[in-house]
$ cat final-v4.txt   # compact mmCIF, C-alpha atoms
# COMPACT_ATOMS: atom_id res chain seq x y z
CA MET A 10 20.07 0.64 4.69
CA THR A 11 23.82 1.31 4.84
CA PRO A 12 26.03 3.41 2.53
CA ASP A 13 27.33 0.16 0.99
CA ASP A 14 23.87 -1.34 0.56
CA ARG A 15 21.42 1.32 -0.55
CA SER A 16 18.66 -1.03 -1.58
CA LEU A 17 15.47 -2.06 0.19
CA ARG A 18 14.09 -5.56 -0.19
CA LEU A 19 10.31 -5.79 -0.09
CA ALA A 20 7.56 -8.35 -0.54
CA LEU A 21 4.04 -7.67 -1.81
CA VAL A 22 1.48 -10.20 -0.54
CA GLN A 23 -1.24 -10.46 -3.19
CA ARG A 24 -4.02 -12.32 -1.43
CA ALA A 25 -7.77 -11.88 -1.00
CA SER A 26 -9.04 -11.01 2.45
CA SER A 27 -12.20 -12.70 3.71
CA LEU A 28 -15.20 -11.51 5.71
CA ASP A 29 -13.80 -13.23 8.82
CA PRO A 30 -11.22 -11.08 10.67
CA ALA A 31 -9.80 -14.13 12.47
CA GLU A 32 -9.11 -15.82 9.11
CA ASN A 33 -7.31 -12.72 7.89
CA ARG A 34 -5.14 -12.51 10.99
CA ALA A 35 -4.21 -16.15 10.42
CA ALA A 36 -3.43 -15.34 6.78
CA VAL A 37 -0.99 -12.65 7.92
CA ALA A 38 0.87 -15.20 10.04
CA ALA A 39 0.84 -17.80 7.25
CA ALA A 40 2.33 -15.35 4.75
CA GLY A 41 5.57 -15.44 6.71
CA GLU A 42 6.30 -18.89 5.27
CA ARG A 43 6.57 -17.29 1.82
CA VAL A 44 8.60 -14.21 2.74
CA GLU A 45 12.35 -14.50 2.17
CA PRO A 46 14.72 -13.81 5.09
CA GLY A 47 16.17 -10.31 4.98
CA THR A 48 12.99 -8.72 3.61
CA ALA A 49 12.78 -5.28 5.21
CA LEU A 50 9.21 -4.43 4.19
CA VAL A 51 6.15 -6.66 3.73
CA VAL A 52 3.02 -5.10 2.25
CA PHE A 53 -0.51 -6.53 2.34
CA PRO A 54 -3.46 -5.10 0.36
CA GLU A 55 -6.10 -2.56 1.34
CA VAL A 56 -8.64 -3.63 4.05
CA PHE A 57 -6.81 -6.90 4.60
CA ALA A 58 -8.18 -7.07 8.15
CA ARG A 59 -11.67 -7.60 6.71
CA ASP A 60 -12.93 -7.22 3.15
CA PHE A 61 -15.53 -4.61 2.19
CA GLY A 62 -18.27 -7.19 1.67
CA ARG A 63 -21.19 -6.49 -0.64
CA PRO A 64 -21.31 -2.94 -2.05
CA GLY A 65 -22.92 -0.62 0.47
CA SER A 66 -22.32 -2.94 3.43
CA ASP A 67 -22.00 -1.50 6.91
CA VAL A 68 -18.38 -2.17 7.86
CA SER A 69 -18.46 -0.29 11.17
CA PRO A 70 -18.84 -3.49 13.28
CA TYR A 71 -15.44 -4.57 11.95
CA ALA A 72 -13.56 -1.37 12.71
CA GLU A 73 -10.74 -1.68 15.23
CA PRO A 74 -8.53 0.75 17.12
CA LEU A 75 -4.86 0.94 16.18
CA ASP A 76 -3.99 -1.12 19.26
CA GLY A 77 -6.53 -3.83 18.45
CA PRO A 78 -6.19 -7.49 17.38
CA PHE A 79 -5.22 -6.82 13.76
CA VAL A 80 -2.32 -4.53 14.67
CA ASP A 81 -1.34 -7.07 17.33
CA ALA A 82 -1.17 -9.73 14.57
CA LEU A 83 0.97 -7.43 12.42
CA THR A 84 3.29 -6.76 15.36
CA ALA A 85 3.73 -10.49 15.97
CA PHE A 86 4.55 -10.97 12.28
CA ALA A 87 7.06 -8.11 12.35
CA LYS A 88 8.76 -9.59 15.43
CA ASP A 89 8.88 -13.10 13.98
CA HIS A 90 10.40 -11.94 10.69
CA ASP A 91 12.40 -8.87 11.78
CA THR A 92 10.62 -6.65 9.30
CA THR A 93 8.21 -3.75 8.89
CA VAL A 94 4.65 -4.51 7.78
CA VAL A 95 2.04 -2.34 6.04
CA ALA A 96 -1.56 -3.55 5.81
CA GLY A 97 -5.05 -2.12 5.41
CA MET A 98 -7.85 -2.15 7.99
CA PHE A 99 -11.03 -0.37 9.06
CA GLU A 100 -10.12 1.96 11.93
CA VAL A 101 -12.56 3.25 14.53
CA GLY A 102 -13.18 6.93 13.86
CA ASP A 103 -14.89 9.94 15.39
CA ASP A 104 -18.18 8.84 13.79
CA PRO A 105 -18.89 5.25 14.96
CA ALA A 106 -20.96 4.62 11.83
CA ARG A 107 -18.20 5.68 9.41
CA PRO A 108 -14.73 4.32 10.23
CA TYR A 109 -11.53 5.18 8.39
CA ASN A 110 -9.96 3.07 5.65
CA THR A 111 -6.49 2.97 7.20
CA LEU A 112 -3.02 1.65 6.45
CA ALA A 113 -1.13 0.58 9.55
CA VAL A 114 2.68 0.61 9.52
CA VAL A 115 4.03 -1.78 12.15
CA ASP A 116 7.44 -3.04 13.23
CA ALA A 117 8.58 -5.31 16.05
CA ASN A 118 7.85 -2.55 18.58
CA GLY A 119 4.28 -2.02 17.37
CA LEU A 120 2.59 0.78 15.45
CA ARG A 121 5.01 3.14 13.66
CA ALA A 122 2.59 5.22 11.61
CA SER A 123 -0.83 5.16 9.99
CA TYR A 124 -2.47 6.69 6.94
CA ARG A 125 -6.21 7.26 6.59
CA LYS A 126 -7.35 7.08 2.97
CA ILE A 127 -8.00 10.57 1.61
CA HIS A 128 -9.81 9.84 -1.67
CA LEU A 129 -12.84 7.60 -1.11
CA TYR A 130 -14.07 5.44 -3.98
CA ASP A 131 -17.17 7.32 -5.09
CA SER A 132 -16.81 6.15 -8.67
CA PHE A 133 -17.70 3.35 -11.11
CA GLY A 134 -21.07 2.94 -9.36
CA TYR A 135 -19.63 2.71 -5.83
CA LYS A 136 -20.06 5.17 -2.94
CA GLU A 137 -17.38 4.44 -0.36
CA SER A 138 -18.13 7.69 1.45
CA ASP A 139 -21.55 6.33 2.51
CA SER A 140 -19.85 3.94 4.93
CA LEU A 141 -16.38 5.39 5.49
CA ALA A 142 -14.89 8.73 6.51
CA ALA A 143 -12.09 10.41 4.55
CA GLY A 144 -8.77 10.99 6.27
CA PRO A 145 -7.07 14.34 6.84
CA LEU A 146 -5.44 16.07 3.89
CA GLU A 147 -1.91 15.37 5.05
CA PRO A 148 0.49 13.11 3.14
CA VAL A 149 2.20 10.49 5.33
CA VAL A 150 5.86 9.51 4.85
CA VAL A 151 7.57 6.98 7.14
CA ASP A 152 11.18 5.79 7.22
CA VAL A 153 11.64 2.08 6.60
CA ALA A 154 15.23 0.85 6.99
CA GLY A 155 16.53 4.20 5.75
CA THR A 156 14.13 4.57 2.83
CA PRO A 157 11.45 7.30 3.02
CA VAL A 158 8.17 5.58 2.10
CA GLY A 159 5.00 7.44 1.10
CA LEU A 160 1.57 5.89 1.71
CA MET A 161 -1.39 5.83 -0.68
CA THR A 162 -4.47 3.59 -0.86
CA CYS A 163 -6.17 2.27 -4.02
CA TYR A 164 -8.28 5.13 -5.48
CA ASP A 165 -5.61 7.61 -4.34
CA LEU A 166 -3.61 6.34 -7.32
CA ARG A 167 -5.88 8.34 -9.64
CA PHE A 168 -4.88 11.63 -7.97
CA PRO A 169 -1.36 12.73 -8.98
CA GLU A 170 -1.38 15.55 -6.44
CA LEU A 171 -1.06 13.13 -3.53
CA ALA A 172 1.88 11.28 -5.08
CA ARG A 173 3.61 14.59 -5.77
CA GLY A 174 2.96 15.76 -2.23
CA LEU A 175 4.58 12.62 -0.86
CA VAL A 176 7.63 13.07 -3.09
CA GLU A 177 7.92 16.71 -2.05
CA ARG A 178 8.11 15.41 1.53
CA GLY A 179 11.02 13.17 0.57
CA ALA A 180 9.39 9.86 -0.38
CA GLU A 181 11.61 7.65 -2.53
CA LEU A 182 9.15 4.74 -2.61
CA LEU A 183 5.37 5.04 -2.90
CA LEU A 184 3.28 2.15 -1.56
CA VAL A 185 -0.21 1.58 -2.96
CA PRO A 186 -2.11 -1.21 -1.17
CA ALA A 187 -5.39 -1.68 -3.01
CA ALA A 188 -8.58 -3.61 -3.57
CA TRP A 189 -8.86 -2.40 -7.19
CA VAL A 190 -12.30 -3.48 -8.35
CA ALA A 191 -12.28 -5.63 -11.49
CA GLY A 192 -14.04 -4.53 -14.67
CA PRO A 193 -13.49 -3.55 -18.29
CA GLY A 194 -10.22 -1.70 -18.67
CA LYS A 195 -9.43 -1.76 -14.96
CA VAL A 196 -6.15 -3.70 -15.21
CA ALA A 197 -4.98 -1.23 -17.86
CA HIS A 198 -5.92 1.70 -15.60
CA TRP A 199 -4.08 0.11 -12.66
CA ARG A 200 -0.87 -0.50 -14.59
CA THR A 201 -0.94 2.79 -16.48
CA LEU A 202 -1.51 4.90 -13.38
CA THR A 203 1.12 3.04 -11.37
CA LEU A 204 3.71 3.60 -14.08
CA ALA A 205 2.64 7.22 -14.55
CA ARG A 206 3.09 8.00 -10.85
CA ALA A 207 6.59 6.49 -11.04
CA ILE A 208 7.62 8.30 -14.23
CA GLU A 209 6.25 11.76 -13.44
CA ASN A 210 7.79 11.75 -9.95
CA THR A 211 10.97 9.78 -10.75
CA VAL A 212 10.20 7.54 -7.77
CA HIS A 213 9.79 3.83 -7.09
CA VAL A 214 6.17 2.64 -6.80
CA ALA A 215 5.05 -0.67 -5.29
CA ALA A 216 1.36 -1.43 -5.84
CA VAL A 217 -0.24 -4.52 -4.29
CA GLY A 218 -3.85 -5.52 -4.89
CA GLN A 219 -6.27 -8.18 -3.82
CA PRO A 220 -6.81 -10.73 -6.62
CA GLY A 221 -9.92 -11.80 -8.51
CA PRO A 222 -12.64 -12.52 -9.02
CA ARG A 223 -13.76 -9.30 -7.38
CA TYR A 224 -10.48 -7.42 -7.71
CA THR A 225 -7.77 -7.18 -10.36
CA GLY A 226 -4.57 -8.47 -8.75
CA HIS A 227 -1.64 -7.59 -11.03
CA SER A 228 0.62 -6.34 -8.25
CA LEU A 229 3.78 -4.70 -9.55
CA VAL A 230 6.87 -2.69 -8.66
CA ALA A 231 8.08 0.08 -10.97
CA ASP A 232 11.37 1.95 -10.88
CA PRO A 233 11.72 5.75 -11.26
CA ALA A 234 11.96 5.46 -15.05
CA GLY A 235 8.75 3.44 -15.22
CA ASP A 236 10.52 0.14 -15.87
CA VAL A 237 8.69 -2.79 -14.29
CA LEU A 238 10.97 -4.56 -11.82
CA ALA A 239 8.50 -7.31 -10.90
CA GLU A 240 4.88 -8.13 -11.68
CA VAL A 241 2.33 -10.91 -11.28
CA GLY A 242 -1.07 -11.56 -12.83
CA ASP A 243 -4.11 -12.76 -10.90
CA GLY A 244 -4.23 -15.27 -8.04
CA ASP A 245 -2.34 -15.57 -4.76
CA HIS A 246 1.33 -14.53 -4.94
CA VAL A 247 4.15 -13.10 -2.88
CA LEU A 248 6.07 -10.74 -5.16
CA ASP A 249 9.69 -10.05 -4.20
CA ALA A 250 11.56 -6.98 -5.38
CA ARG A 251 14.42 -4.70 -4.47
CA VAL A 252 14.39 -0.91 -4.86
CA ASP A 253 17.70 0.90 -5.17
CA ARG A 254 18.45 4.50 -4.22
CA ALA A 255 21.34 4.55 -6.71
CA ARG A 256 18.82 3.87 -9.49
CA LEU A 257 16.63 6.72 -8.26
CA GLU A 258 19.61 9.10 -8.30
CA GLU A 259 20.62 7.92 -11.78
CA VAL A 260 17.15 8.52 -13.21
CA ARG A 261 16.86 11.94 -11.57
CA GLU A 262 20.22 12.99 -12.99
CA THR A 263 19.15 11.97 -16.49
CA ASN A 264 15.62 13.35 -16.13
CA PRO A 265 15.62 16.21 -13.59
CA SER A 266 11.94 16.92 -14.15
CA LEU A 267 11.31 17.66 -10.47
CA LEU A 268 13.93 20.41 -10.62
CA ASN A 269 12.60 21.73 -13.94
CA ARG A 270 9.08 22.36 -12.62
CA ARG A 271 7.81 25.91 -13.00
CA MET A 272 4.34 25.45 -11.45
$ encode --input "final-v4.txt" --output "structure tokens"
Amino acid sequence: MTPDDRSLRLALVQRASSLDPAENRAAVAAAGERVEPGTALVVFPEVFARDFGRPGSDVSPYAEPLDGPFVDALTAFAKDHDTTVVAGMFEVGDDPARPYNTLAVVDANGLRASYRKIHLYDSFGYKESDSLAAGPLEPVVVDVAGTPVGLMTCYDLRFPELARGLVERGAELLLVPAAWVAGPGKVAHWRTLTLARAIENTVHVAAVGQPGPRYTGHSLVADPAGDVLAEVGDGDHVLDARVDRARLEEVRETNPSLLNRRM
């Protein structure tokens, strides 16, 4: 990002991951055919390296280190398309039976950063903590082409404290890769919470989910006023958008709610 071009072009890849890690690595490579040249950031959903499988499944056999084959595939993609990539995976942890649900941030030189999901999905009849370990309570912000980007995963979206912590650390764009489980009211929750995190923090939010039938899809990008810049429904899509620092500054001048906080 230069002073004359203060926008960041990004692409959200809304696609379902399979139970075959090799298929998912191939899907990463294939997505490049649908990403426009000049895209600085490409974001895949949560656990794109290998889907969760049936509720309660043991996912530990599919956990990888951060220098394993999935991150290698992301690095190859980043090199081929001169971009930064964010994608979800199961990462080998301290407890071999309970890996981390991790976002890997990768550029042409390899791993830039990672975020281990803090809030595990022990809700709506699921118990993610039975098979996965929670990450450390430390928000992760990484610079992408001059834009500070904060990382969240799926269920984290329901916890405004994390979004606020990322913004306090300078994030101007929040990324939310997800596998948001489908069900009554779930699309409304997804959209409402995404827009709320944008409005209350006067920050851009880009939320990308796996599509149905198991998940909700409906990936979207919201600006700091909560206006939707781009959105899709269900199915496979690559959603293109551009986030603009000038827009963030404009909204924060009009609505200086972060400065007006008293608690």
$ residues_around --input "final-v4.txt" --residues "stretch 58-62 of chain A" --least-positions-apart "2" --cutoff "6 Å" --atoms "only C-alpha atoms" --output "list in words"
Ser26, Ser27, Leu28, Pro30, Asn33, Val56 and Met98 of chain A
$ residues_near_point --input "final-v4.txt" --point "(-7.9, -6.7, -13.4)" --cutoff "10 Å" --atoms "only C-alpha atoms" --output "ChimeraX atom specification"
/A:189-200,218-228,242-243
$ residues_around --input "final-v4.txt" --residues "A:Thr84" --least-positions-apart "6" --cutoff "8 Å" --atoms "only C-alpha atoms" --output "number ranges by chain"
A: 115-120
$ write_last_selection --input "final-v4.txt" --atoms "C-alpha atoms" --output "PDB file, in the coordinates of the input"
ATOM      1  CA  VAL A 115       4.030  -1.780  12.150  1.00  0.00           C
ATOM      2  CA  ASP A 116       7.440  -3.040  13.230  1.00  0.00           C
ATOM      3  CA  ALA A 117       8.580  -5.310  16.050  1.00  0.00           C
ATOM      4  CA  ASN A 118       7.850  -2.550  18.580  1.00  0.00           C
ATOM      5  CA  GLY A 119       4.280  -2.020  17.370  1.00  0.00           C
ATOM      6  CA  LEU A 120       2.590   0.780  15.450  1.00  0.00           C
TER       7      LEU A 120
END
$ closest_residue --input "final-v4.txt" --among "A:Lys136, A:Arg178, A:Arg206, A:His246" --to "A:Ala40" --atoms "only C-alpha atoms"
A:His246
$ atom_distance --input "final-v4.txt" --atom1 "atom CA of A:Ser69" --atom2 "atom CA of A:Tyr135"
17.3 Å
$ atom_distance --input "final-v4.txt" --atom1 "atom CA of A:Leu50" --atom2 "atom CA of A:Phe79"
17.5 Å
$ closest_atom_pairs --input "final-v4.txt" --of "stretch 108-190 of chain A" --to "stretch 230-239 of chain A" --cutoff "12 Å" --atoms "all atoms listed in the file" --output "JSON lines"
{"residue": "A:Val176", "atom": "CA", "partner": "A:Pro233", "partner_atom": "CA", "distance": 11.7}
{"residue": "A:Ala180", "atom": "CA", "partner": "A:Pro233", "partner_atom": "CA", "distance": 11.9}
{"residue": "A:Glu181", "atom": "CA", "partner": "A:Pro233", "partner_atom": "CA", "distance": 8.9}
{"residue": "A:Leu182", "atom": "CA", "partner": "A:Asp232", "partner_atom": "CA", "distance": 9.0}
{"residue": "A:Leu183", "atom": "CA", "partner": "A:Val230", "partner_atom": "CA", "distance": 9.8}
{"residue": "A:Leu184", "atom": "CA", "partner": "A:Val230", "partner_atom": "CA", "distance": 9.3}
{"residue": "A:Val185", "atom": "CA", "partner": "A:Val230", "partner_atom": "CA", "distance": 10.0}
{"residue": "A:Pro186", "atom": "CA", "partner": "A:Val230", "partner_atom": "CA", "distance": 11.8}
$ residues_around --input "final-v4.txt" --residues "A:Val260" --least-positions-apart "5" --cutoff "12 Å" --atoms "all atoms listed in the file" --output "MDAnalysis selection string"
chainID A and resid 207:213 232:236 253:255 265:267
$ closest_residue --input "final-v4.txt" --among "A:Thr111, A:Ser132, A:Asn264, A:Thr203" --to "A:Ala215" --atoms "only C-alpha atoms"
A:Thr203
$ atom_distance --input "final-v4.txt" --atom1 "atom CA of A:Thr156" --atom2 "atom CA of A:Ala20"
14.9 Å
$ residues_around --input "final-v4.txt" --residues "A:Val95" --least-positions-apart "4" --cutoff "10 Å" --atoms "only C-alpha atoms" --output "list of chain:residue names"
A:Leu21, A:Leu50, A:Val51, A:Val52, A:Phe53, A:Pro54, A:Glu55, A:Val80, A:Leu83, A:Ala87, A:Leu112, A:Ala113, A:Val114, A:Val115, A:Asp116, A:Leu120, A:Arg121, A:Ala122, A:Ser123, A:Leu160, A:Leu184, A:Pro186
$ residues_near_point --input "final-v4.txt" --point "(-24.2, -2.5, -0.7)" --cutoff "12 Å" --atoms "all atoms listed in the file" --output "compact mmCIF listing (two decimals) with C-alpha atoms, in the coordinates of the input"
# COMPACT_ATOMS: atom_id res chain seq x y z
CA PHE A 61 -15.53 -4.61 2.19
CA GLY A 62 -18.27 -7.19 1.67
CA ARG A 63 -21.19 -6.49 -0.64
CA PRO A 64 -21.31 -2.94 -2.05
CA GLY A 65 -22.92 -0.62 0.47
CA SER A 66 -22.32 -2.94 3.43
CA ASP A 67 -22.00 -1.50 6.91
CA VAL A 68 -18.38 -2.17 7.86
CA GLY A 134 -21.07 2.94 -9.36
CA TYR A 135 -19.63 2.71 -5.83
CA LYS A 136 -20.06 5.17 -2.94
CA GLU A 137 -17.38 4.44 -0.36
CA ASP A 139 -21.55 6.33 2.51
CA SER A 140 -19.85 3.94 4.93
$ closest_residue --input "final-v4.txt" --among "A:Asp81, A:Asp29, A:Glu147, A:Asp104" --to "A:Arg125" --atoms "all atoms listed in the file"
A:Glu147
$ closest_residue --input "final-v4.txt" --among "A:Ala106, A:Val158, A:Val217, A:Ile127" --to "A:Phe57" --atoms "all atoms listed in the file"
A:Val217
$ closest_residue --input "final-v4.txt" --among "A:Arg24, A:Arg167, A:Lys126, A:Arg34" --to "A:Phe86" --atoms "only C-alpha atoms"
A:Arg34
$ closest_residue --input "final-v4.txt" --among "A:Thr48, A:Thr201, A:Gln23, A:Ser16" --to "A:Gly244" --atoms "all atoms listed in the file"
A:Gln23
$ residues_around --input "final-v4.txt" --residues "A:Gly144" --least-positions-apart "4" --cutoff "12 Å" --atoms "all atoms listed in the file" --output "PyMOL selection string"
chain A and resi 99-103+107-112+123-129+138+148-149+161-162+165
$ decode --input "final-v4.txt" --residues "stretch 89-137 of chain A" --atoms "C-alpha atoms" --output "PDB file, in the first residue's frame"
ATOM      1  CA  ASP A  89       2.551 -18.108  -8.106  1.00  0.00           C
ATOM      2  CA  HIS A  90       0.167 -15.201  -7.521  1.00  0.00           C
ATOM      3  CA  ASP A  91       2.400 -12.705  -5.683  1.00  0.00           C
ATOM      4  CA  THR A  92       0.007 -12.492  -2.773  1.00  0.00           C
ATOM      5  CA  THR A  93      -0.507 -13.284   0.903  1.00  0.00           C
ATOM      6  CA  VAL A  94      -2.750 -16.221   1.814  1.00  0.00           C
ATOM      7  CA  VAL A  95      -4.710 -16.993   4.989  1.00  0.00           C
ATOM      8  CA  ALA A  96      -6.240 -20.450   5.467  1.00  0.00           C
ATOM      9  CA  GLY A  97      -7.364 -22.734   8.278  1.00  0.00           C
ATOM     10  CA  MET A  98      -5.797 -26.045   9.306  1.00  0.00           C
ATOM     11  CA  PHE A  99      -5.383 -28.449  12.209  1.00  0.00           C
ATOM     12  CA  GLU A 100      -1.955 -27.798  13.748  1.00  0.00           C
ATOM     13  CA  VAL A 101       0.003 -30.305  15.811  1.00  0.00           C
ATOM     14  CA  GLY A 102      -0.063 -29.188  19.435  1.00  0.00           C
ATOM     15  CA  ASP A 103       1.470 -30.040  22.785  1.00  0.00           C
ATOM     16  CA  ASP A 104      -1.223 -32.697  23.305  1.00  0.00           C
ATOM     17  CA  PRO A 105      -1.069 -35.091  20.310  1.00  0.00           C
ATOM     18  CA  ALA A 106      -4.731 -35.984  20.813  1.00  0.00           C
ATOM     19  CA  ARG A 107      -5.956 -32.365  20.725  1.00  0.00           C
ATOM     20  CA  PRO A 108      -4.439 -30.218  17.955  1.00  0.00           C
ATOM     21  CA  TYR A 109      -5.031 -26.511  17.461  1.00  0.00           C
ATOM     22  CA  ASN A 110      -7.547 -25.003  15.049  1.00  0.00           C
ATOM     23  CA  THR A 111      -5.086 -22.642  13.379  1.00  0.00           C
ATOM     24  CA  LEU A 112      -5.027 -19.923  10.739  1.00  0.00           C
ATOM     25  CA  ALA A 113      -1.783 -19.824   8.777  1.00  0.00           C
ATOM     26  CA  VAL A 114      -0.675 -16.554   7.166  1.00  0.00           C
ATOM     27  CA  VAL A 115       1.698 -17.252   4.284  1.00  0.00           C
ATOM     28  CA  ASP A 116       3.465 -15.215   1.617  1.00  0.00           C
ATOM     29  CA  ALA A 117       5.973 -16.116  -1.088  1.00  0.00           C
ATOM     30  CA  ASN A 118       8.669 -16.578   1.570  1.00  0.00           C
ATOM     31  CA  GLY A 119       6.589 -18.983   3.652  1.00  0.00           C
ATOM     32  CA  LEU A 120       4.864 -18.666   7.012  1.00  0.00           C
ATOM     33  CA  ARG A 121       4.391 -15.064   8.206  1.00  0.00           C
ATOM     34  CA  ALA A 122       2.186 -15.599  11.242  1.00  0.00           C
ATOM     35  CA  SER A 123      -0.355 -17.964  12.748  1.00  0.00           C
ATOM     36  CA  TYR A 124      -3.379 -17.697  15.017  1.00  0.00           C
ATOM     37  CA  ARG A 125      -4.708 -20.538  17.158  1.00  0.00           C
ATOM     38  CA  LYS A 126      -8.460 -20.294  17.698  1.00  0.00           C
ATOM     39  CA  ILE A 127      -9.213 -19.026  21.200  1.00  0.00           C
ATOM     40  CA  HIS A 128     -12.959 -19.688  21.514  1.00  0.00           C
ATOM     41  CA  LEU A 129     -13.794 -23.321  20.764  1.00  0.00           C
ATOM     42  CA  TYR A 130     -17.271 -24.187  19.521  1.00  0.00           C
ATOM     43  CA  ASP A 131     -18.849 -25.711  22.614  1.00  0.00           C
ATOM     44  CA  SER A 132     -22.316 -24.575  21.615  1.00  0.00           C
ATOM     45  CA  PHE A 133     -25.426 -25.546  19.622  1.00  0.00           C
ATOM     46  CA  GLY A 134     -24.876 -29.196  20.594  1.00  0.00           C
ATOM     47  CA  TYR A 135     -21.207 -29.313  19.557  1.00  0.00           C
ATOM     48  CA  LYS A 136     -18.142 -29.761  21.786  1.00  0.00           C
ATOM     49  CA  GLU A 137     -15.085 -28.676  19.831  1.00  0.00           C
TER      50      GLU A 137
END
